[in-house]
$ cat structure-v7.cif   # mmCIF, C-alpha atoms
data_upload
#
loop_
_atom_site.label_atom_id
_atom_site.label_comp_id
_atom_site.auth_asym_id
_atom_site.auth_seq_id
_atom_site.Cartn_x
_atom_site.Cartn_y
_atom_site.Cartn_z
CA MET A 1 178.24 134.48 186.45
CA GLU A 2 179.46 130.86 186.40
CA TRP A 3 176.41 129.67 184.47
CA TYR A 4 177.60 131.60 181.40
CA GLU A 5 180.99 129.93 181.31
CA ASP A 6 180.33 127.34 178.59
CA ASP A 7 178.73 129.94 176.32
CA VAL A 8 181.56 132.39 176.97
CA LYS A 9 184.17 129.78 176.07
CA ALA A 10 182.28 129.02 172.83
CA VAL A 11 182.20 132.71 171.90
CA ILE A 12 185.92 133.09 172.61
CA GLU A 13 186.57 130.10 170.37
CA GLU A 14 184.48 131.67 167.61
CA ARG A 15 186.36 134.94 167.90
CA SER A 16 189.70 133.16 167.85
CA GLY A 17 188.67 131.16 164.80
CA CYS A 18 187.54 134.16 162.78
CA PRO A 19 189.41 133.95 159.44
CA TYR A 20 189.92 137.71 159.22
CA ASP A 21 190.63 140.67 161.48
CA PRO A 22 187.08 141.66 162.53
CA LYS A 23 186.01 145.22 161.85
CA THR A 24 182.40 145.06 163.12
CA ILE A 25 181.71 143.57 166.55
CA PHE A 26 178.18 142.36 167.28
CA TYR A 27 177.91 141.80 171.04
CA GLY A 28 175.09 140.97 173.44
CA SER A 29 172.45 138.38 174.18
CA SER A 30 170.89 135.47 172.30
CA SER A 31 169.22 137.82 169.82
CA ILE A 32 172.76 138.34 168.51
CA ARG A 33 173.99 134.79 169.16
CA LEU A 34 171.13 133.19 167.21
CA TRP A 35 171.40 135.48 164.18
CA GLY A 36 172.25 132.70 161.78
CA SER A 37 172.60 134.90 158.70
CA LEU A 38 174.63 137.64 160.41
CA TYR A 39 177.92 136.85 158.68
CA ASP A 40 176.25 136.88 155.27
CA ASP A 41 174.06 139.90 156.03
CA PHE A 42 177.05 142.08 156.89
CA LYS A 43 179.92 140.28 155.17
CA GLU A 44 181.34 143.40 153.51
CA TYR A 45 181.80 144.91 156.99
CA LEU A 46 183.83 141.94 158.30
CA PRO A 47 181.62 141.07 161.29
CA VAL A 48 182.21 138.81 164.25
CA ASN A 49 179.32 137.44 166.30
CA LEU A 50 180.18 137.71 170.00
CA GLY A 51 176.70 137.21 171.41
CA PHE A 52 176.14 134.68 174.19
CA GLY A 53 172.85 133.15 175.27
CA GLY A 54 170.87 134.64 178.13
CA SER A 55 173.33 137.45 178.69
CA THR A 56 172.30 140.56 180.56
CA LEU A 57 173.89 143.99 180.29
CA ALA A 58 175.57 143.21 183.59
CA ALA A 59 177.03 140.02 182.09
CA CYS A 60 178.19 141.94 179.02
CA VAL A 61 180.16 144.20 181.35
CA TRP A 62 181.50 141.28 183.37
CA PHE A 63 182.83 139.37 180.36
CA PHE A 64 183.88 142.31 178.20
CA ASP A 65 187.59 141.93 178.89
CA ARG A 66 187.53 138.24 177.97
CA ILE A 67 185.23 138.36 174.97
CA VAL A 68 185.56 141.74 173.26
CA ALA A 69 188.76 143.45 174.39
CA PRO A 70 191.08 141.01 172.56
CA VAL A 71 189.71 142.31 169.22
CA LYS A 72 192.52 144.72 168.42
CA HIS A 73 191.36 146.86 165.53
CA PRO A 74 187.57 147.00 165.30
CA GLN A 75 185.96 149.91 163.50
CA ILE A 76 182.52 149.69 165.11
CA LEU A 77 180.66 147.91 167.93
CA ILE A 78 176.94 147.08 167.87
CA LEU A 79 175.32 145.98 171.14
CA TYR A 80 172.00 144.33 171.94
CA ALA A 81 171.48 143.81 175.68
CA GLY A 82 169.13 144.86 178.46
CA ASP A 83 166.25 142.64 177.38
CA ASN A 84 167.15 139.86 179.80
CA ASP A 85 167.86 142.29 182.64
CA LEU A 86 164.23 143.42 182.47
CA GLY A 87 163.09 139.83 182.09
CA ASP A 88 164.93 139.04 185.33
CA GLY A 89 162.95 141.75 187.12
CA ARG A 90 165.44 144.61 186.98
CA HIS A 91 164.10 148.16 187.06
CA PRO A 92 164.79 150.41 184.04
CA GLN A 93 166.98 152.64 186.20
CA GLU A 94 169.09 149.62 187.12
CA VAL A 95 169.49 148.75 183.45
CA LEU A 96 170.64 152.32 182.82
CA ILE A 97 173.29 151.90 185.52
CA PHE A 98 174.52 148.71 183.85
CA PHE A 99 174.56 150.55 180.50
CA ARG A 100 176.72 153.31 181.99
CA GLU A 101 179.09 150.69 183.38
CA PHE A 102 179.28 149.05 179.98
CA MET A 103 180.05 152.33 178.23
CA ALA A 104 182.79 153.18 180.73
CA ASP A 105 184.50 149.83 180.11
CA PHE A 106 183.95 149.99 176.36
CA ARG A 107 185.39 153.50 176.03
CA LYS A 108 188.38 152.54 178.17
CA HIS A 109 189.35 150.02 175.50
CA TYR A 110 187.99 151.75 172.40
CA PRO A 111 187.83 155.52 172.96
CA GLN A 112 187.30 156.49 169.32
CA ILE A 113 185.22 153.93 167.42
CA PRO A 114 181.48 154.40 166.77
CA PHE A 115 179.10 152.61 169.12
CA TYR A 116 175.53 151.59 168.28
CA TYR A 117 172.96 150.35 170.79
CA ILE A 118 170.05 148.35 169.38
CA SER A 119 166.86 149.24 171.25
CA ILE A 120 165.18 146.53 173.31
CA LYS A 121 162.67 144.69 171.17
CA PRO A 122 158.93 144.42 171.96
CA SER A 123 158.74 140.67 172.57
CA LEU A 124 155.42 138.81 172.66
CA SER A 125 156.55 136.81 175.68
CA ARG A 126 157.40 139.99 177.59
CA ALA A 127 154.22 141.92 176.88
CA GLY A 128 153.70 142.18 180.63
CA ILE A 129 156.77 144.41 180.97
CA ILE A 130 156.28 146.45 177.80
CA GLU A 131 156.13 149.70 179.78
CA GLU A 132 159.48 148.88 181.38
CA ILE A 133 160.91 148.15 177.92
CA ILE A 134 159.67 151.52 176.62
CA GLU A 135 161.05 153.33 179.67
CA THR A 136 164.45 151.62 179.39
CA ASN A 137 164.71 152.46 175.70
CA SER A 138 163.89 156.07 176.52
CA LEU A 139 166.47 156.26 179.31
CA ILE A 140 169.25 154.78 177.19
CA SER A 141 168.31 156.88 174.15
CA THR A 142 168.53 160.03 176.28
CA GLU A 143 171.83 158.89 177.77
CA ILE A 144 173.23 158.42 174.27
CA GLU A 145 171.91 161.78 173.08
CA ASN A 146 173.82 163.41 175.94
CA SER A 147 177.05 161.54 175.15
CA SER A 148 180.13 162.59 173.22
CA GLY A 149 178.51 162.22 169.81
CA ASN A 150 180.08 158.94 168.69
CA ASP A 151 177.39 156.85 170.39
CA HIS A 152 174.14 156.07 168.60
CA PHE A 153 170.70 154.59 169.36
CA VAL A 154 169.26 152.19 166.77
CA ASP A 155 165.47 152.08 166.94
CA ILE A 156 164.16 148.63 166.06
CA TYR A 157 161.27 148.82 168.53
CA SER A 158 159.05 151.00 166.32
CA LYS A 159 159.67 148.68 163.36
CA MET A 160 158.39 145.63 165.24
CA ILE A 161 154.98 146.85 166.43
CA ASN A 162 151.67 147.12 164.60
CA GLY A 163 149.25 150.04 164.45
CA ASP A 164 147.96 149.18 167.93
CA GLY A 165 151.44 149.28 169.42
CA LYS A 166 151.56 145.49 169.85
CA PRO A 167 154.49 143.28 168.82
CA VAL A 168 154.12 141.78 165.34
CA ALA A 169 153.76 138.05 165.99
CA SER A 170 155.13 137.03 162.58
CA TYR A 171 158.60 138.27 163.56
CA PHE A 172 159.03 135.76 166.37
CA GLU A 173 159.68 132.09 166.92
CA ASP A 174 157.06 130.03 168.72
CA ASP A 175 158.48 131.04 172.11
CA GLY A 176 157.47 134.64 171.45
CA LEU A 177 160.92 135.83 172.51
CA HIS A 178 163.46 134.94 169.86
CA LEU A 179 163.40 136.27 166.33
CA ASN A 180 162.64 134.21 163.23
CA PRO A 181 164.13 135.00 159.79
CA ALA A 182 161.46 137.65 159.14
CA GLY A 183 162.38 139.38 162.38
CA TYR A 184 166.06 139.29 161.55
CA GLN A 185 165.30 140.75 158.12
CA ILE A 186 163.78 143.76 159.90
CA TRP A 187 166.90 144.12 162.05
CA LYS A 188 169.17 143.77 159.04
CA ASN A 189 167.33 146.49 157.12
CA VAL A 190 167.29 148.89 160.07
CA ILE A 191 170.98 148.37 160.87
CA LEU A 192 172.06 148.76 157.26
CA ASN A 193 170.07 151.99 157.06
CA GLN A 194 170.83 153.48 160.48
CA VAL A 195 174.41 152.30 160.91
CA PHE A 196 176.32 151.51 157.78
CA ARG A 197 174.82 154.09 155.46
CA LYS A 198 175.97 156.77 157.91
CA LEU A 199 179.59 155.60 158.02
#

$ encode --input "structure-v7.cif" --output "C-alpha coordinates"
Amino acid sequence: MEWYEDDVKAVIEERSGCPYDPKTIFYGSSSIRLWGSLYDDFKEYLPVNLGFGGSTLAACVWFFDRIVAPVKHPQILILYAGDNDLGDGRHPQEVLIFFREFMADFRKHYPQIPFYYISIKPSLSRAGIIEEIIETNSLISTEIENSSGNDHFVDIYSKMINGDGKPVASYFEDDGLHLNPAGYQIWKNVILNQVFRKL
(Lines of atoms letter the chains of each structure in order from A and count residues from 1; the text may use other names and numbers.)
(Lines give C-alpha, C1' and ligand atoms only; values in the text may rest on other atoms or scores of the structure.)
Protein backbone atom coordinates (compact mmCIF):
# COMPACT_ATOMS: atom_id res chain seq x y z
CA MET A 1 0.00 0.00 0.00
CA GLU A 2 3.07 2.27 0.05
CA TRP A 3 2.33 3.65 -3.42
CA TYR A 4 -0.76 5.41 -2.07
CA GLU A 5 1.13 7.28 0.62
CA ASP A 6 1.48 10.67 -1.11
CA ASP A 7 -2.19 10.68 -2.09
CA VAL A 8 -3.24 9.64 1.40
CA LYS A 9 -1.22 12.44 2.97
CA ALA A 10 -2.85 14.93 0.58
CA VAL A 11 -6.33 13.71 1.52
CA ILE A 12 -5.54 13.94 5.23
CA GLU A 13 -4.35 17.51 4.68
CA GLU A 14 -7.58 18.33 2.85
CA ARG A 15 -9.66 16.88 5.66
CA SER A 16 -7.66 18.76 8.28
CA GLY A 17 -8.05 21.99 6.33
CA CYS A 18 -11.81 21.73 5.94
CA PRO A 19 -13.23 25.03 7.26
CA TYR A 20 -16.25 23.35 8.85
CA ASP A 21 -17.15 20.17 10.69
CA PRO A 22 -17.98 17.85 7.75
CA LYS A 23 -21.39 16.22 7.74
CA THR A 24 -21.19 14.31 4.42
CA ILE A 25 -18.13 12.15 3.72
CA PHE A 26 -17.39 11.25 0.10
CA TYR A 27 -14.82 8.45 0.11
CA GLY A 28 -13.28 6.20 -2.52
CA SER A 29 -11.27 6.26 -5.72
CA SER A 30 -10.35 8.90 -8.30
CA SER A 31 -13.96 9.20 -9.45
CA ILE A 32 -14.48 10.94 -6.10
CA ARG A 33 -11.07 12.61 -5.94
CA LEU A 34 -11.45 14.26 -9.36
CA TRP A 35 -14.98 15.57 -8.76
CA GLY A 36 -14.02 19.20 -9.08
CA SER A 37 -17.49 20.60 -8.43
CA LEU A 38 -18.30 18.33 -5.49
CA TYR A 39 -18.07 21.02 -2.82
CA ASP A 40 -20.39 23.30 -4.79
CA ASP A 41 -22.74 20.51 -5.85
CA PHE A 42 -23.42 19.47 -2.26
CA LYS A 43 -22.47 22.57 -0.30
CA GLU A 44 -25.65 22.65 1.80
CA TYR A 45 -24.74 19.17 3.10
CA LEU A 46 -21.26 20.22 4.27
CA PRO A 47 -19.23 17.68 2.27
CA VAL A 48 -15.61 16.65 2.48
CA ASN A 49 -13.86 14.94 -0.43
CA LEU A 50 -11.76 12.06 0.90
CA GLY A 51 -11.18 10.25 -2.38
CA PHE A 52 -7.66 9.20 -3.35
CA GLY A 53 -6.43 8.26 -6.80
CA GLY A 54 -6.31 4.63 -7.89
CA SER A 55 -7.75 3.35 -4.64
CA THR A 56 -9.32 -0.07 -4.45
CA LEU A 57 -11.91 -1.24 -1.94
CA ALA A 58 -9.07 -3.03 -0.21
CA ALA A 59 -7.14 0.26 0.03
CA CYS A 60 -10.24 2.03 1.36
CA VAL A 61 -10.32 -0.51 4.17
CA TRP A 62 -6.58 -0.24 4.79
CA PHE A 63 -6.57 3.55 5.11
CA PHE A 64 -9.97 4.02 6.75
CA ASP A 65 -8.59 4.66 10.23
CA ARG A 66 -6.20 7.34 8.94
CA ILE A 67 -8.46 9.07 6.45
CA VAL A 68 -12.08 8.75 7.59
CA ALA A 69 -12.19 7.80 11.26
CA PRO A 70 -10.90 11.19 12.50
CA VAL A 71 -14.12 12.82 11.22
CA LYS A 72 -15.98 12.95 14.51
CA HIS A 73 -19.58 13.83 13.73
CA PRO A 74 -20.52 12.92 10.16
CA GLN A 75 -24.16 12.40 9.31
CA ILE A 76 -23.67 10.29 6.17
CA LEU A 77 -20.97 8.47 4.21
CA ILE A 78 -21.02 7.96 0.43
CA LEU A 79 -18.54 5.46 -1.05
CA TYR A 80 -17.37 4.80 -4.60
CA ALA A 81 -14.89 1.92 -4.81
CA GLY A 82 -14.53 -1.50 -6.40
CA ASP A 83 -13.93 -0.23 -9.92
CA ASN A 84 -10.15 -0.47 -9.62
CA ASP A 85 -10.30 -3.85 -7.88
CA LEU A 86 -11.95 -5.29 -10.99
CA GLY A 87 -9.54 -3.39 -13.21
CA ASP A 88 -6.69 -5.08 -11.34
CA GLY A 89 -8.16 -8.49 -12.17
CA ARG A 90 -10.05 -9.22 -8.96
CA HIS A 91 -13.07 -11.53 -9.15
CA PRO A 92 -16.48 -10.09 -8.17
CA GLN A 93 -16.59 -12.43 -5.17
CA GLU A 94 -13.28 -11.00 -3.98
CA VAL A 95 -14.65 -7.48 -4.29
CA LEU A 96 -17.63 -8.55 -2.20
CA ILE A 97 -15.25 -9.79 0.50
CA PHE A 98 -13.47 -6.43 0.50
CA PHE A 99 -16.86 -4.69 0.71
CA ARG A 100 -17.79 -6.77 3.76
CA GLU A 101 -14.47 -5.87 5.36
CA PHE A 102 -15.11 -2.21 4.66
CA MET A 103 -18.59 -2.33 6.18
CA ALA A 104 -17.32 -4.05 9.31
CA ASP A 105 -14.71 -1.33 9.84
CA PHE A 106 -17.11 1.46 8.93
CA ARG A 107 -19.82 0.26 11.32
CA LYS A 108 -17.27 -0.16 14.10
CA HIS A 109 -16.65 3.59 13.94
CA TYR A 110 -20.08 4.81 12.83
CA PRO A 111 -22.77 2.32 13.89
CA GLN A 112 -25.74 4.60 13.25
CA ILE A 113 -25.20 6.92 10.29
CA PRO A 114 -26.63 6.19 6.82
CA PHE A 115 -24.28 4.61 4.29
CA TYR A 116 -24.61 4.86 0.51
CA TYR A 117 -22.64 2.80 -2.00
CA ILE A 118 -22.41 4.21 -5.52
CA SER A 119 -22.61 1.38 -8.05
CA ILE A 120 -19.57 0.70 -10.22
CA LYS A 121 -19.82 2.72 -13.40
CA PRO A 122 -19.83 1.23 -16.93
CA SER A 123 -16.53 2.66 -18.18
CA LEU A 124 -15.61 2.68 -21.87
CA SER A 125 -12.07 1.61 -21.06
CA ARG A 126 -13.32 -1.38 -19.07
CA ALA A 127 -15.84 -2.68 -21.57
CA GLY A 128 -13.97 -5.98 -21.55
CA ILE A 129 -14.97 -6.61 -17.92
CA ILE A 130 -18.52 -5.26 -18.14
CA GLU A 131 -19.98 -8.62 -17.06
CA GLU A 132 -17.79 -8.57 -13.96
CA ILE A 133 -18.96 -5.02 -13.23
CA ILE A 134 -22.61 -6.08 -13.54
CA GLU A 135 -22.02 -9.12 -11.32
CA THR A 136 -20.21 -7.08 -8.66
CA ASN A 137 -22.97 -4.48 -8.59
CA SER A 138 -25.51 -7.27 -8.17
CA LEU A 139 -23.56 -8.93 -5.35
CA ILE A 140 -23.12 -5.69 -3.42
CA SER A 141 -26.71 -4.61 -4.03
CA THR A 142 -27.94 -7.93 -2.61
CA GLU A 143 -25.56 -7.63 0.34
CA ILE A 144 -26.97 -4.19 1.10
CA GLU A 145 -30.56 -5.37 0.74
CA ASN A 146 -29.84 -8.01 3.37
CA SER A 147 -28.23 -5.52 5.77
CA SER A 148 -29.62 -3.70 8.78
CA GLY A 149 -31.60 -1.19 6.73
CA ASN A 150 -29.38 1.87 7.10
CA ASP A 151 -27.23 0.88 4.11
CA HIS A 152 -28.24 1.86 0.59
CA PHE A 153 -27.25 1.11 -3.01
CA VAL A 154 -27.12 4.07 -5.41
CA ASP A 155 -27.62 2.98 -9.01
CA ILE A 156 -25.64 5.16 -11.40
CA TYR A 157 -24.88 2.28 -13.78
CA SER A 158 -28.30 2.32 -15.47
CA LYS A 159 -28.07 6.09 -15.94
CA MET A 160 -24.79 5.84 -17.85
CA ILE A 161 -25.69 3.33 -20.57
CA ASN A 162 -27.57 3.77 -23.84
CA GLY A 163 -30.42 1.69 -25.26
CA ASP A 164 -27.94 -1.00 -26.33
CA GLY A 165 -26.52 -1.32 -22.83
CA LYS A 166 -23.25 0.37 -23.83
CA PRO A 167 -21.55 3.16 -21.84
CA VAL A 168 -22.46 6.65 -23.05
CA ALA A 169 -19.19 8.01 -24.45
CA SER A 170 -20.11 11.66 -23.86
CA TYR A 171 -19.90 11.15 -20.09
CA PHE A 172 -16.19 10.32 -20.12
CA GLU A 173 -12.84 12.00 -20.55
CA ASP A 174 -10.65 10.93 -23.45
CA ASP A 175 -9.21 8.06 -21.40
CA GLY A 176 -12.64 6.41 -21.34
CA LEU A 177 -12.34 5.85 -17.59
CA HIS A 178 -12.70 9.14 -15.76
CA LEU A 179 -15.82 11.27 -15.83
CA ASN A 180 -16.13 14.64 -17.54
CA PRO A 181 -18.48 17.40 -16.29
CA ALA A 182 -21.45 15.80 -18.09
CA GLY A 183 -20.77 12.52 -16.31
CA TYR A 184 -20.51 14.24 -12.96
CA GLN A 185 -23.80 16.01 -13.64
CA ILE A 186 -25.43 12.59 -13.95
CA TRP A 187 -23.89 11.51 -10.65
CA LYS A 188 -24.96 14.72 -8.95
CA ASN A 189 -28.56 14.33 -10.09
CA VAL A 190 -28.75 10.68 -9.05
CA ILE A 191 -27.21 11.31 -5.63
CA LEU A 192 -29.41 14.29 -4.91
CA ASN A 193 -32.46 12.22 -5.84
CA GLN A 194 -31.51 8.87 -4.27
CA VAL A 195 -29.67 10.12 -1.19
CA PHE A 196 -30.52 13.57 0.02
CA ARG A 197 -34.19 13.67 -0.89
CA LYS A 198 -34.67 10.59 1.29
CA LEU A 199 -33.02 12.09 4.38

$ residues_around --input "structure-v7.cif" --residues "Phe102 in chain A" --least-positions-apart "2" --cutoff "9 Å" --atoms "all atoms listed in the file" --output "ChimeraX atom specification"
/A:57-58,60-62,64,97-100,104-107

$ write_last_selection --input "structure-v7.cif" --atoms "C-alpha atoms" --output "PDB file, keeping the file's coordinate frame"
ATOM      1  CA  LEU A  57     173.890 143.990 180.290  1.00  0.00           C
ATOM      2  CA  ALA A  58     175.570 143.210 183.590  1.00  0.00           C
ATOM      3  CA  CYS A  60     178.190 141.940 179.020  1.00  0.00           C
ATOM      4  CA  VAL A  61     180.160 144.200 181.350  1.00  0.00           C
ATOM      5  CA  TRP A  62     181.500 141.280 183.370  1.00  0.00           C
ATOM      6  CA  PHE A  64     183.880 142.310 178.200  1.00  0.00           C
ATOM      7  CA  ILE A  97     173.290 151.900 185.520  1.00  0.00           C
ATOM      8  CA  PHE A  98     174.520 148.710 183.850  1.00  0.00           C
ATOM      9  CA  PHE A  99     174.560 150.550 180.500  1.00  0.00           C
ATOM     10  CA  ARG A 100     176.720 153.310 181.990  1.00  0.00           C
ATOM     11  CA  ALA A 104     182.790 153.180 180.730  1.00  0.00           C
ATOM     12  CA  ASP A 105     184.500 149.830 180.110  1.00  0.00           C
ATOM     13  CA  PHE A 106     183.950 149.990 176.360  1.00  0.00           C
ATOM     14  CA  ARG A 107     185.390 153.500 176.030  1.00  0.00           C
TER      15      ARG A 107
END

$ atom_distance --input "structure-v7.cif" --atom1 "CA of Tyr116 in chain A" --atom2 "CA of Lys72 in chain A"
18.3 Å

$ resolve_selection --input "structure-v7.cif" --expression "the PyMOL selection byres ((chain A and resi 45-50) around 8)" --output "PyMOL selection string"
chain A and resi 11-12+14-15+18+20-28+32-33+38-39+42-44+51-52+67-68

$ atom_distance --input "structure-v7.cif" --atom1 "CA of Asp151 in chain A" --atom2 "CA of Arg66 in chain A"
22.5 Å

$ residues_around --input "structure-v7.cif" --residues "range 158-160 of chain A" --least-positions-apart "3" --cutoff "10 Å" --atoms "all atoms listed in the file" --output "PDB file with C-alpha atoms, keeping the file's coordinate frame"
ATOM      1  CA  SER A 119     166.860 149.240 171.250  1.00  0.00           C
ATOM      2  CA  LYS A 121     162.670 144.690 171.170  1.00  0.00           C
ATOM      3  CA  PRO A 122     158.930 144.420 171.960  1.00  0.00           C
ATOM      4  CA  SER A 123     158.740 140.670 172.570  1.00  0.00           C
ATOM      5  CA  ASP A 155     165.470 152.080 166.940  1.00  0.00           C
ATOM      6  CA  GLY A 165     151.440 149.280 169.420  1.00  0.00           C
ATOM      7  CA  LYS A 166     151.560 145.490 169.850  1.00  0.00           C
ATOM      8  CA  PRO A 167     154.490 143.280 168.820  1.00  0.00           C
ATOM      9  CA  VAL A 168     154.120 141.780 165.340  1.00  0.00           C
ATOM     10  CA  ALA A 169     153.760 138.050 165.990  1.00  0.00           C
ATOM     11  CA  SER A 170     155.130 137.030 162.580  1.00  0.00           C
ATOM     12  CA  TYR A 171     158.600 138.270 163.560  1.00  0.00           C
ATOM     13  CA  PHE A 172     159.030 135.760 166.370  1.00  0.00           C
ATOM     14  CA  GLY A 183     162.380 139.380 162.380  1.00  0.00           C
ATOM     15  CA  ILE A 186     163.780 143.760 159.900  1.00  0.00           C
ATOM     16  CA  TRP A 187     166.900 144.120 162.050  1.00  0.00           C
ATOM     17  CA  VAL A 190     167.290 148.890 160.070  1.00  0.00           C
TER      18      VAL A 190
END

$ closest_residue --input "structure-v7.cif" --among "A:Ile140, A:His91, A:Ile78, A:Asp175" --to "Arg126 in chain A" --atoms "only C-alpha atoms"
A:Asp175

$ atom_distance --input "structure-v7.cif" --atom1 "CA of Gly53 in chain A" --atom2 "CA of Ser29 in chain A"
5.4 Å

$ closest_residue --input "structure-v7.cif" --among "A:Asn150, A:Asn189, A:Ser16, A:Asn84" --to "Leu177 in chain A" --atoms "all atoms listed in the file"
A:Asn84

$ decode --input "structure-v7.cif" --residues "range 122-139 of chain A" --atoms "N, CA and C atoms" --output "CSV table (one decimal), in the first residue's frame"
chain,number,residue,atom,x,y,z
A,122,PRO,N,-20.1,2.0,-15.7
A,122,PRO,CA,-19.8,1.2,-16.9
A,122,PRO,C,-18.8,2.0,-17.8
A,123,SER,N,-17.5,1.9,-17.5
A,123,SER,CA,-16.5,2.7,-18.2
A,123,SER,C,-16.3,2.1,-19.6
A,124,LEU,N,-16.0,3.1,-20.5
A,124,LEU,CA,-15.6,2.7,-21.9
A,124,LEU,C,-14.3,1.9,-21.9
A,125,SER,N,-13.4,2.3,-21.1
A,125,SER,CA,-12.1,1.6,-21.1
A,125,SER,C,-12.1,0.2,-20.4
A,126,ARG,N,-13.2,-0.1,-19.7
A,126,ARG,CA,-13.3,-1.4,-19.1
A,126,ARG,C,-14.5,-2.2,-19.6
A,127,ALA,N,-14.8,-1.9,-20.9
A,127,ALA,CA,-15.8,-2.7,-21.6
A,127,ALA,C,-15.6,-4.2,-21.6
A,128,GLY,N,-14.3,-4.6,-21.5
A,128,GLY,CA,-14.0,-6.0,-21.5
A,128,GLY,C,-14.3,-6.7,-20.3
A,129,ILE,N,-14.6,-6.0,-19.2
A,129,ILE,CA,-15.0,-6.6,-17.9
A,129,ILE,C,-16.4,-6.2,-17.5
A,130,ILE,N,-17.2,-5.8,-18.5
A,130,ILE,CA,-18.5,-5.3,-18.1
A,130,ILE,C,-19.4,-6.3,-17.4
A,131,GLU,N,-19.2,-7.6,-17.8
A,131,GLU,CA,-20.0,-8.6,-17.1
A,131,GLU,C,-19.6,-8.7,-15.6
A,132,GLU,N,-18.3,-8.6,-15.3
A,132,GLU,CA,-17.8,-8.6,-14.0
A,132,GLU,C,-18.3,-7.4,-13.2
A,133,ILE,N,-18.4,-6.2,-13.9
A,133,ILE,CA,-19.0,-5.0,-13.2
A,133,ILE,C,-20.4,-5.2,-12.9
A,134,ILE,N,-21.2,-5.8,-13.8
A,134,ILE,CA,-22.6,-6.1,-13.5
A,134,ILE,C,-22.8,-7.1,-12.4
A,135,GLU,N,-21.9,-8.1,-12.4
A,135,GLU,CA,-22.0,-9.1,-11.3
A,135,GLU,C,-21.7,-8.5,-10.0
A,136,THR,N,-20.6,-7.7,-9.9
A,136,THR,CA,-20.2,-7.1,-8.7
A,136,THR,C,-21.3,-6.2,-8.1
A,137,ASN,N,-21.9,-5.4,-9.0
A,137,ASN,CA,-23.0,-4.5,-8.6
A,137,ASN,C,-24.1,-5.3,-8.0
A,138,SER,N,-24.4,-6.4,-8.6
A,138,SER,CA,-25.5,-7.3,-8.2
A,138,SER,C,-25.2,-7.9,-6.8
A,139,LEU,N,-24.0,-8.3,-6.6
A,139,LEU,CA,-23.6,-8.9,-5.4
A,139,LEU,C,-23.6,-7.9,-4.2
